[in-house]
Amino acid sequence: MKFVRQSIPFLSLLVALSLAPFRKAEAHSFEAGDGMFLLDGKPFVVKAAEVHYPRIPRPYWEQRIRMCKALGMNTLCIYIFWNAHEQEEGVFDFTGNNDIRAFVKLAQKEGMYVILRPGPYVCAEWEMGGLPWWLLKKKDISLREQDPYFMERLELFEAKVGEQLSDLTIEKGGPIIMVQVENEYGSYGEDKEYVSAVRDIIRGSGFDGVQLFQCDWSSNFTKNALDDLLWTMNFGTGANVDNEFKRLKELRPDSPLMCSEFWSGWFDKWGGRHETRGAEEMVSGIRDMLDRGISFSLYMTHGGTNWGHWAGANSPGFAPDVTSYDYDAPINEAGQTTDKYWELRRMMAEYTDGKLPPVPKEFPVISIPKIEFNEVAPLYDNLGEGIESVDTKTFEELGQGWGCLLYRTTVPQDVPSESVLTVTEAHDYAQVFLNQRFIGKIDRINHETSVVLPQLKEGDVLDIYVEALGRINFGSAIKDFKGITEKVELTYTLPSQTTVTMNLKGWAIFPLPDDYQRQRDMAYVPLTEENKGVRGNYRATFTLGKVGDTFLNLETWGKGQVYVNGHAIGRFWQVGPQQTLYMPGCWLRKGENEIIVTDVLGPTEAAVEGLTKPIIDKLQLSAPQTHRLEGQTLDLSGETPVQEGSLEAGNGWQEVRFASNATGRYVCIEALNSHWDREYCCIAELYLLDADGQRLSREPWQVAYADDEDVTSGNKNADKLFDLQESTYWSTNKGVPYPHAVVIDLGQDKTLSGFQILPRMEQGAPESIKDYRIYVSSEPFKM
């Protein structure tokens, strides 16, 4: 990377260049200068809007781009989603909503520059973080490492990206000013050789003359930082800007500074409250950066929608994302302005030479009267041909990417007592049936693995109906196979008290992919009193005199997918918080329209209506979100802490080593007070260190107890302690006095030598713990 020293005054950073369009065919330059970016040799502050072309209907691309420009943005930041472009190995699709070249050229037409993020991994709360599911057909593959097959496929894909876009870089007269190498790799591992190989592949794909960069968090960016790449930081609303760039400025005092992801809001998961972030904090953070000449990309400026099966899942644990990617962004899911939009626009106008462009018109919104469904294709009448197999097989082994599988076997002998059916493991939501009668569910989200069966007779038919939700998109668990991933066992006790365990064999496996063709071709019959509410597909037609955007209300439905006029609109689930699905008017038509709903649970009422406003913040849970049972109180009397002391005030990670190693499965962190002298406390992230001082894997961790959790003002549950997200945090409720305690179940005994803890990222680390005690036990703590 070349740094060019300039003596231009700082105020010139905010010149009209920030919004000026450029001639298509004329070559330009963009480079990292001394403490600033240079566009054609002149200072330039990147003010980027993150938007994702596959999450927006193509007919709406132009309006969304203009919405971003009207905010005062001069650049669009976009991921390239490998798995959307190569859904089948070797078959590449850059058409329709995947026409990335058309999107980039449209940005250029609107006078916007482009930052390209071609992965291979993107995260983005997108299925498998953008990696294609078919990579998992090679069961022993190593993802995001120098696995020969992975690297071979990556190089082929990036070459295709280069064919589409390499002639549109800034030095060739195009709008692309920067290209990213990998994505937040410090949150995955430490492997500079791999990151270097990705860099070389991207350069070799035609991006050898454009500015390449890396992004990571301030806490981990040095793990994989390459000397010849620009380094940028990712952090969110409310973060202490100076603290986020402190280490980078120490290492590279002359480097331009950029927050490549400034998180405007957050994503939602099924069963969690709708996430929001304050407009004032977001605008204040951007103002702080602009005042310092720091470039930024606002993630997200407009989020859009995870159509069909494209929503991913977060980890540790398994937390699948909802269909809406509204993200509490300034431009909402339907491309409409929000209060955040107007507050941001007012502030950005202060940093723009001349008037901002006018805000484009929003698309019309309509309501649709209740649509009554009159046809159903019951699940058990539409299984098709089964695949015979001695053992269970995963989706990937059967060549299926998404949807459901039904596994069927017969009970090999009489079982005279209740038994336990254990599935190792069901990915992701399994329902167990005995002779087509529903017995119970196994939900991966809740770490469920078994159901109790009644007495069984030889020949009884046992079905396990497994729905795949999004593959994990973050952390080391992205190698996320779907279906039954290992085995199914039946365990019961004989009158002699002998325990018998049978590994069930001899399966017929029925593929139920979620593509539209499959749903349309099912055998539909009239909906009657006898078959209403069954699991399966429901179909209806409805007539429109005019078209417009609408929000389909699925509150009376169970769990599944929706297809309208052949478009996969997305997943729904009665637990919420999302109860409606965004239906773009450009995919509706005057006259007759078709809607198909696949419901794996069955509806209470087979009807849908189109609303003019979304419902994305309504939970319908049967159990509380907190980790403390009614009347439960932790009793630490008689327990001896393995460590007690005081943490320092302020932002940043702190490490504490125990006086001597401790072994146990359960770890209790007891907070006695805070540096802010308030009654509630917060922790953003926690790691435990093994006997060698290395971080333990947090994949098997579960919260066994938390004395208090704030789930009313947001998702501030105790599992935020180990969600791999430094901008989220566990918080107790205001007014609940100290001490506060959380107990973590590590899954098995571990030898511990200490811990690392991160307070909140905001200035001064609000409500950070001062005095603490740590307890370790092999047995659950008394309650």
# chains A, B, ... in the order shown; residues from 1 in each chain; ligands from 1

$ closest_atom_pairs --of "stretch 74-125 of chain A" --to "stretch 342-357 of chain A" --cutoff "12 Å" --atoms "only C-alpha atoms" --output "JSON lines"
{"residue": "A:Asn74", "atom": "CA", "partner": "A:Thr352", "partner_atom": "CA", "distance": 10.2}
{"residue": "A:Glu110", "atom": "CA", "partner": "A:Pro357", "partner_atom": "CA", "distance": 10.9}
{"residue": "A:Gly111", "atom": "CA", "partner": "A:Pro357", "partner_atom": "CA", "distance": 11.4}

$ select_by_dssp --residues "stretch 398-635 of chain A" --states "helix (DSSP H, G or I)" --output "compact mmCIF listing (two decimals) with all heavy atoms, in the first residue's frame"
# COMPACT_ATOMS: atom_id res chain seq x y z
N LEU A 398 -27.60 -36.42 0.42
CA LEU A 398 -28.66 -36.72 -0.54
C LEU A 398 -28.73 -35.70 -1.67
O LEU A 398 -29.60 -35.79 -2.53
CB LEU A 398 -30.01 -36.78 0.19
CG LEU A 398 -30.13 -37.91 1.23
CD1 LEU A 398 -31.41 -37.75 2.02
CD2 LEU A 398 -30.08 -39.28 0.55
N ARG A 444 -33.59 -27.70 17.90
CA ARG A 444 -32.16 -27.45 18.09
C ARG A 444 -31.89 -26.13 18.82
O ARG A 444 -30.91 -26.03 19.57
CB ARG A 444 -31.48 -27.43 16.72
CG ARG A 444 -29.97 -27.26 16.74
CD ARG A 444 -29.43 -27.18 15.32
NE ARG A 444 -27.99 -27.00 15.29
CZ ARG A 444 -27.30 -26.70 14.19
NH1 ARG A 444 -27.95 -26.55 13.03
NH2 ARG A 444 -26.00 -26.53 14.24
N ILE A 445 -32.74 -25.15 18.63
CA ILE A 445 -32.56 -23.86 19.29
C ILE A 445 -32.49 -24.04 20.80
O ILE A 445 -31.69 -23.40 21.49
CB ILE A 445 -33.70 -22.90 18.92
CG1 ILE A 445 -33.67 -22.58 17.42
CG2 ILE A 445 -33.62 -21.61 19.74
CD1 ILE A 445 -34.86 -21.78 16.95
N ASN A 446 -33.35 -24.92 21.30
CA ASN A 446 -33.44 -25.15 22.75
C ASN A 446 -32.56 -26.29 23.22
O ASN A 446 -32.72 -26.78 24.34
CB ASN A 446 -34.90 -25.44 23.12
CG ASN A 446 -35.82 -24.29 22.80
OD1 ASN A 446 -35.42 -23.12 22.86
ND2 ASN A 446 -37.05 -24.60 22.43
N SER A 476 -16.95 -20.57 14.11
CA SER A 476 -16.34 -21.82 13.68
C SER A 476 -17.35 -22.90 13.32
O SER A 476 -16.98 -23.93 12.76
CB SER A 476 -15.43 -22.35 14.80
OG SER A 476 -16.18 -22.58 15.99
N ALA A 477 -18.65 -22.67 13.59
CA ALA A 477 -19.67 -23.70 13.35
C ALA A 477 -20.32 -23.58 11.98
O ALA A 477 -21.38 -24.17 11.76
CB ALA A 477 -20.74 -23.63 14.45
N ILE A 478 -19.73 -22.85 11.04
CA ILE A 478 -20.36 -22.66 9.74
C ILE A 478 -20.44 -23.96 8.92
O ILE A 478 -21.17 -24.02 7.95
CB ILE A 478 -19.64 -21.57 8.91
CG1 ILE A 478 -18.15 -21.90 8.74
CG2 ILE A 478 -19.83 -20.21 9.53
CD1 ILE A 478 -17.44 -20.97 7.79
N TYR A 516 -40.04 -23.95 -5.66
CA TYR A 516 -41.43 -23.66 -6.06
C TYR A 516 -42.02 -24.77 -6.91
O TYR A 516 -43.20 -25.14 -6.75
CB TYR A 516 -41.47 -22.33 -6.81
CG TYR A 516 -42.81 -22.08 -7.49
CD1 TYR A 516 -43.95 -21.85 -6.73
CD2 TYR A 516 -42.92 -22.12 -8.88
CE1 TYR A 516 -45.18 -21.65 -7.35
CE2 TYR A 516 -44.14 -21.91 -9.50
CZ TYR A 516 -45.27 -21.68 -8.73
OH TYR A 516 -46.48 -21.48 -9.34
N GLN A 517 -41.23 -25.33 -7.81
CA GLN A 517 -41.74 -26.38 -8.69
C GLN A 517 -42.30 -27.54 -7.88
O GLN A 517 -43.38 -28.06 -8.19
CB GLN A 517 -40.61 -26.87 -9.61
CG GLN A 517 -41.05 -27.83 -10.71
CD GLN A 517 -41.74 -27.12 -11.87
OE1 GLN A 517 -41.50 -25.94 -12.08
NE2 GLN A 517 -42.60 -27.82 -12.58
N ARG A 518 -41.59 -27.92 -6.84
CA ARG A 518 -42.05 -29.02 -5.99
C ARG A 518 -43.37 -28.65 -5.31
O ARG A 518 -44.28 -29.48 -5.24
CB ARG A 518 -40.97 -29.32 -4.94
CG ARG A 518 -41.42 -30.16 -3.76
CD ARG A 518 -41.61 -31.62 -4.13
NE ARG A 518 -42.08 -32.37 -2.97
CZ ARG A 518 -42.25 -33.68 -2.94
NH1 ARG A 518 -41.96 -34.40 -3.99
NH2 ARG A 518 -42.69 -34.28 -1.85
N GLN A 519 -43.48 -27.43 -4.83
CA GLN A 519 -44.69 -27.02 -4.12
C GLN A 519 -45.88 -26.96 -5.08
O GLN A 519 -47.00 -27.37 -4.72
CB GLN A 519 -44.49 -25.65 -3.45
CG GLN A 519 -43.17 -25.45 -2.73
CD GLN A 519 -42.80 -26.59 -1.81
OE1 GLN A 519 -43.63 -27.10 -1.06
NE2 GLN A 519 -41.54 -27.01 -1.87
N ARG A 520 -45.65 -26.48 -6.27
CA ARG A 520 -46.74 -26.34 -7.24
C ARG A 520 -47.27 -27.69 -7.70
O ARG A 520 -48.48 -27.86 -7.95
CB ARG A 520 -46.24 -25.54 -8.46
CG ARG A 520 -47.32 -25.14 -9.45
CD ARG A 520 -46.73 -24.67 -10.76
NE ARG A 520 -46.05 -25.76 -11.46
CZ ARG A 520 -45.43 -25.62 -12.62
NH1 ARG A 520 -45.37 -24.43 -13.20
NH2 ARG A 520 -44.85 -26.66 -13.20
N GLY A 585 -44.68 -5.12 -4.47
CA GLY A 585 -45.72 -4.97 -5.48
C GLY A 585 -45.25 -5.33 -6.88
O GLY A 585 -46.06 -5.71 -7.74
N CYS A 586 -43.93 -5.23 -7.12
CA CYS A 586 -43.42 -5.56 -8.46
C CYS A 586 -43.52 -7.04 -8.76
O CYS A 586 -43.36 -7.45 -9.93
CB CYS A 586 -41.97 -5.07 -8.59
SG CYS A 586 -40.82 -5.81 -7.41
N TRP A 587 -43.78 -7.87 -7.76
CA TRP A 587 -43.94 -9.30 -7.97
C TRP A 587 -45.41 -9.72 -7.94
O TRP A 587 -45.72 -10.91 -8.08
CB TRP A 587 -43.15 -10.09 -6.93
CG TRP A 587 -41.66 -9.97 -7.09
CD1 TRP A 587 -41.00 -9.49 -8.19
CD2 TRP A 587 -40.66 -10.35 -6.16
NE1 TRP A 587 -39.64 -9.54 -7.98
CE2 TRP A 587 -39.39 -10.05 -6.74
CE3 TRP A 587 -40.68 -10.88 -4.87
CZ2 TRP A 587 -38.19 -10.29 -6.09
CZ3 TRP A 587 -39.48 -11.12 -4.21
CH2 TRP A 587 -38.24 -10.83 -4.81

$ closest_atom_pairs --of "stretch 692-731 of chain A" --to "stretch 236-239 of chain A" --cutoff "12 Å" --atoms "only C-alpha atoms" --output "tab-separated table"
residue	atom	partner	partner_atom	distance
A:Gln725	CA	A:Gly236	CA	10.4
A:Glu726	CA	A:Gly236	CA	9.1
A:Ser727	CA	A:Gly236	CA	6.3
A:Thr728	CA	A:Gly236	CA	9.4

$ select_by_dssp --residues "stretch 106-272 of chain A" --states "strand (DSSP E or B)" --output "ChimeraX atom specification"
/A:113-117,126,169,176-180,211-216,230-236,239,258-263,269

$ write_last_selection --atoms "N, CA and C atoms" --output "mmCIF file, in the first residue's frame"
data_model
loop_
_atom_site.group_PDB
_atom_site.id
_atom_site.type_symbol
_atom_site.label_atom_id
_atom_site.label_comp_id
_atom_site.auth_asym_id
_atom_site.auth_seq_id
_atom_site.Cartn_x
_atom_site.Cartn_y
_atom_site.Cartn_z
ATOM 1 N N TYR A 113 -19.960 5.753 -6.074
ATOM 2 C CA TYR A 113 -18.836 4.831 -6.110
ATOM 3 C C TYR A 113 -19.252 3.520 -5.446
ATOM 4 N N VAL A 114 -18.415 2.496 -5.565
ATOM 5 C CA VAL A 114 -18.763 1.164 -5.073
ATOM 6 C C VAL A 114 -17.577 0.563 -4.333
ATOM 7 N N ILE A 115 -17.854 -0.012 -3.171
ATOM 8 C CA ILE A 115 -16.904 -0.863 -2.452
ATOM 9 C C ILE A 115 -17.399 -2.293 -2.594
ATOM 10 N N LEU A 116 -16.532 -3.139 -3.096
ATOM 11 C CA LEU A 116 -16.897 -4.523 -3.409
ATOM 12 C C LEU A 116 -16.364 -5.448 -2.326
ATOM 13 N N ARG A 117 -17.200 -6.354 -1.851
ATOM 14 C CA ARG A 117 -16.792 -7.320 -0.827
ATOM 15 C C ARG A 117 -17.112 -8.731 -1.340
ATOM 16 N N TRP A 126 -26.630 -14.370 6.437
ATOM 17 C CA TRP A 126 -27.031 -15.031 5.189
ATOM 18 C C TRP A 126 -26.644 -16.502 5.277
ATOM 19 N N THR A 169 -13.415 -1.178 -12.302
ATOM 20 C CA THR A 169 -12.674 -0.546 -11.213
ATOM 21 C C THR A 169 -12.335 0.888 -11.592
ATOM 22 N N ILE A 176 -15.788 1.220 -8.988
ATOM 23 C CA ILE A 176 -15.301 0.417 -7.867
ATOM 24 C C ILE A 176 -13.996 1.004 -7.343
ATOM 25 N N ILE A 177 -14.014 1.505 -6.109
ATOM 26 C CA ILE A 177 -12.832 2.166 -5.544
ATOM 27 C C ILE A 177 -12.053 1.276 -4.594
ATOM 28 N N MET A 178 -12.696 0.251 -3.999
ATOM 29 C CA MET A 178 -12.036 -0.626 -3.046
ATOM 30 C C MET A 178 -12.612 -2.030 -3.167
ATOM 31 N N VAL A 179 -11.784 -3.034 -2.890
ATOM 32 C CA VAL A 179 -12.219 -4.432 -2.891
ATOM 33 C C VAL A 179 -11.687 -5.092 -1.621
ATOM 34 N N GLN A 180 -12.564 -5.794 -0.931
ATOM 35 C CA GLN A 180 -12.203 -6.408 0.352
ATOM 36 C C GLN A 180 -11.660 -7.815 0.164
ATOM 37 N N GLN A 211 -7.570 -0.527 -4.857
ATOM 38 C CA GLN A 211 -7.200 -0.589 -3.442
ATOM 39 C C GLN A 211 -7.856 -1.798 -2.767
ATOM 40 N N LEU A 212 -7.047 -2.714 -2.230
ATOM 41 C CA LEU A 212 -7.552 -3.861 -1.478
ATOM 42 C C LEU A 212 -7.487 -3.564 0.014
ATOM 43 N N PHE A 213 -8.439 -4.116 0.766
ATOM 44 C CA PHE A 213 -8.474 -3.850 2.203
ATOM 45 C C PHE A 213 -8.997 -5.053 2.969
ATOM 46 N N GLN A 214 -8.752 -5.024 4.275
ATOM 47 C CA GLN A 214 -9.292 -6.011 5.207
ATOM 48 C C GLN A 214 -10.164 -5.299 6.227
ATOM 49 N N CYS A 215 -11.142 -6.022 6.769
ATOM 50 C CA CYS A 215 -11.920 -5.476 7.885
ATOM 51 C C CYS A 215 -11.949 -6.490 9.021
ATOM 52 N N ASP A 216 -11.934 -5.975 10.229
ATOM 53 C CA ASP A 216 -12.010 -6.804 11.429
ATOM 54 C C ASP A 216 -12.395 -5.910 12.598
ATOM 55 N N LEU A 230 -4.841 -2.377 3.162
ATOM 56 C CA LEU A 230 -5.392 -1.361 4.049
ATOM 57 C C LEU A 230 -6.190 -2.040 5.153
ATOM 58 N N TRP A 231 -6.096 -1.532 6.376
ATOM 59 C CA TRP A 231 -6.830 -2.104 7.505
ATOM 60 C C TRP A 231 -7.983 -1.185 7.895
ATOM 61 N N THR A 232 -9.157 -1.763 8.081
ATOM 62 C CA THR A 232 -10.321 -1.005 8.523
ATOM 63 C C THR A 232 -10.967 -1.704 9.709
ATOM 64 N N MET A 233 -11.763 -0.960 10.472
ATOM 65 C CA MET A 233 -12.383 -1.489 11.682
ATOM 66 C C MET A 233 -13.904 -1.606 11.512
ATOM 67 N N ASN A 234 -14.504 -2.558 12.209
ATOM 68 C CA ASN A 234 -15.950 -2.712 12.271
ATOM 69 C C ASN A 234 -16.417 -2.513 13.714
ATOM 70 N N PHE A 235 -17.410 -1.655 13.914
ATOM 71 C CA PHE A 235 -18.008 -1.459 15.237
ATOM 72 C C PHE A 235 -19.364 -0.797 15.063
ATOM 73 N N GLY A 236 -20.100 -0.662 16.161
ATOM 74 C CA GLY A 236 -21.485 -0.254 16.041
ATOM 75 C C GLY A 236 -21.862 1.014 16.756
ATOM 76 N N ALA A 239 -20.393 3.010 20.046
ATOM 77 C CA ALA A 239 -19.003 2.667 20.361
ATOM 78 C C ALA A 239 -18.159 3.923 20.563
ATOM 79 N N MET A 258 -10.982 4.154 8.596
ATOM 80 C CA MET A 258 -12.324 3.863 8.078
ATOM 81 C C MET A 258 -13.004 2.823 8.950
ATOM 82 N N CYS A 259 -14.259 3.077 9.286
ATOM 83 C CA CYS A 259 -15.118 2.056 9.890
ATOM 84 C C CYS A 259 -15.874 1.414 8.739
ATOM 85 N N SER A 260 -15.466 0.217 8.379
ATOM 86 C CA SER A 260 -16.049 -0.435 7.207
ATOM 87 C C SER A 260 -17.413 -1.048 7.485
ATOM 88 N N GLU A 261 -17.782 -1.196 8.744
ATOM 89 C CA GLU A 261 -19.158 -1.542 9.124
ATOM 90 C C GLU A 261 -19.495 -0.771 10.387
ATOM 91 N N PHE A 262 -20.270 0.285 10.252
ATOM 92 C CA PHE A 262 -20.802 0.979 11.420
ATOM 93 C C PHE A 262 -22.253 0.534 11.548
ATOM 94 N N TRP A 263 -22.524 -0.283 12.552
ATOM 95 C CA TRP A 263 -23.816 -0.984 12.632
ATOM 96 C C TRP A 263 -24.917 -0.029 13.075
ATOM 97 N N LYS A 269 -33.654 -12.596 15.493
ATOM 98 C CA LYS A 269 -33.677 -14.058 15.467
ATOM 99 C C LYS A 269 -35.071 -14.521 15.877
#

$ residues_around --residues "A:Leu226" --least-positions-apart "4" --cutoff "12 Å" --atoms "only C-alpha atoms" --output "ChimeraX atom specification"
/A:1,181-182,185,190-200,212-215,221-222,230-232

$ residues_around --residues "stretch 535-547 of chain A" --least-positions-apart "4" --cutoff "7 Å" --atoms "only C-alpha atoms" --output "short mmCIF file (atom, residue, chain, number, x, y, z; two decimals) with N, CA and C atoms, in the first residue's frame"
data_model
loop_
_atom_site.label_atom_id
_atom_site.label_comp_id
_atom_site.auth_asym_id
_atom_site.auth_seq_id
_atom_site.Cartn_x
_atom_site.Cartn_y
_atom_site.Cartn_z
N ILE A 371 -57.59 -13.51 2.25
CA ILE A 371 -57.58 -14.55 1.23
C ILE A 371 -57.87 -15.88 1.92
N PHE A 373 -58.01 -19.84 1.87
CA PHE A 373 -57.43 -20.94 1.11
C PHE A 373 -58.47 -22.05 0.94
N ASN A 374 -58.51 -22.62 -0.24
CA ASN A 374 -59.51 -23.66 -0.52
C ASN A 374 -58.91 -24.98 -1.02
N GLU A 375 -57.57 -25.05 -1.04
CA GLU A 375 -56.91 -26.30 -1.46
C GLU A 375 -55.80 -26.63 -0.48
N VAL A 376 -55.57 -27.91 -0.30
CA VAL A 376 -54.50 -28.37 0.57
C VAL A 376 -53.83 -29.61 -0.03
N ALA A 377 -52.54 -29.72 0.15
CA ALA A 377 -51.79 -30.92 -0.24
C ALA A 377 -51.19 -31.49 1.04
N PRO A 378 -51.88 -32.41 1.71
CA PRO A 378 -51.39 -32.92 3.00
C PRO A 378 -50.01 -33.56 2.88
N LEU A 379 -49.20 -33.38 3.89
CA LEU A 379 -47.85 -33.91 3.90
C LEU A 379 -47.83 -35.40 3.58
N GLY A 585 -44.68 -5.12 -4.47
CA GLY A 585 -45.72 -4.97 -5.48
C GLY A 585 -45.25 -5.33 -6.88
N LEU A 588 -46.30 -8.76 -7.77
CA LEU A 588 -47.73 -9.00 -7.90
C LEU A 588 -48.18 -8.59 -9.30
N ARG A 589 -49.39 -8.96 -9.67
CA ARG A 589 -49.89 -8.56 -10.97
C ARG A 589 -51.39 -8.25 -10.89
N LYS A 590 -51.81 -7.34 -11.75
CA LYS A 590 -53.24 -7.08 -11.87
C LYS A 590 -53.92 -8.34 -12.37
N GLY A 591 -55.07 -8.61 -11.79
CA GLY A 591 -55.76 -9.85 -12.14
C GLY A 591 -55.41 -10.95 -11.16
N GLU A 592 -55.29 -12.18 -11.65
CA GLU A 592 -55.15 -13.34 -10.77
C GLU A 592 -53.71 -13.54 -10.30
N ASN A 593 -53.56 -13.84 -9.02
CA ASN A 593 -52.28 -14.15 -8.39
C ASN A 593 -52.40 -15.46 -7.63
N GLU A 594 -51.28 -16.17 -7.52
CA GLU A 594 -51.26 -17.45 -6.81
C GLU A 594 -50.43 -17.32 -5.53
N ILE A 595 -50.90 -17.93 -4.46
CA ILE A 595 -50.13 -18.01 -3.22
C ILE A 595 -50.14 -19.44 -2.71
N ILE A 596 -48.96 -19.93 -2.34
CA ILE A 596 -48.81 -21.26 -1.74
C ILE A 596 -48.09 -21.09 -0.41
N VAL A 597 -48.64 -21.71 0.62
CA VAL A 597 -48.02 -21.69 1.95
C VAL A 597 -47.69 -23.12 2.36
N THR A 598 -46.42 -23.38 2.61
CA THR A 598 -46.00 -24.65 3.19
C THR A 598 -45.95 -24.48 4.69
N ASP A 599 -46.72 -25.28 5.42
CA ASP A 599 -46.78 -25.16 6.88
C ASP A 599 -46.44 -26.50 7.50
N VAL A 600 -45.28 -26.59 8.18
CA VAL A 600 -44.84 -27.85 8.77
C VAL A 600 -45.53 -28.14 10.09
N LEU A 601 -46.27 -27.17 10.62
CA LEU A 601 -47.03 -27.39 11.85
C LEU A 601 -48.53 -27.45 11.60
N GLY A 602 -48.99 -26.69 10.62
CA GLY A 602 -50.42 -26.60 10.34
C GLY A 602 -51.01 -25.34 10.91
#

$ residues_around --residues "A:Leu686" --least-positions-apart "2" --cutoff "6 Å" --atoms "only C-alpha atoms" --output "list in words"
Leu721, Gln756 and Ile757 of chain A

$ atom_distance --atom1 "atom CA of A:Leu248" --atom2 "atom CA of A:Met761"
16.6 Å

$ residues_around --residues "A:Ile472" --least-positions-apart "6" --cutoff "6 Å" --atoms "only C-alpha atoms" --output "VMD selection string"
chain A and resid 128 312 to 314 478

$ atom_distance --atom1 "atom CA of A:Val322" --atom2 "atom CA of A:Gly272"
9.8 Å

$ residues_around --residues "A:Thr410" --least-positions-apart "3" --cutoff "10 Å" --atoms "only C-alpha atoms" --output "ChimeraX atom specification"
/A:413,434-435,457-463,504-508

$ atom_distance --atom1 "atom CA of A:Arg153" --atom2 "atom CA of A:Tyr325"
28.6 Å

$ closest_atom_pairs --of "stretch 472-531 of chain A" --to "stretch 426-433 of chain A" --cutoff "6 Å" --atoms "only C-alpha atoms" --output "Markdown table"
| residue | atom | partner | partner_atom | distance |
| --- | --- | --- | --- | --- |
| A:Lys482 | CA | A:His427 | CA | 5.0 |
| A:Gly483 | CA | A:His427 | CA | 4.9 |
| A:Ile484 | CA | A:Ala426 | CA | 4.7 |

$ write_last_selection --atoms "C-alpha atoms" --output "PDB file, in the first residue's frame"
ATOM      1  CA  LYS A 482     -28.687 -30.430   7.846  1.00  0.00           C
ATOM      2  CA  GLY A 483     -31.063 -33.266   8.677  1.00  0.00           C
ATOM      3  CA  ILE A 484     -30.176 -36.061  11.097  1.00  0.00           C
TER       4      ILE A 484
END

$ closest_residue --among "A:Gly317, A:Gly475, A:Gly204, A:Gly174" --to "A:Gly189" --atoms "only C-alpha atoms"
A:Gly475

$ closest_residue --among "A:Leu135, A:Val575, A:Ala319, A:Leu512" --to "A:Glu396" --atoms "only C-alpha atoms"
A:Leu135
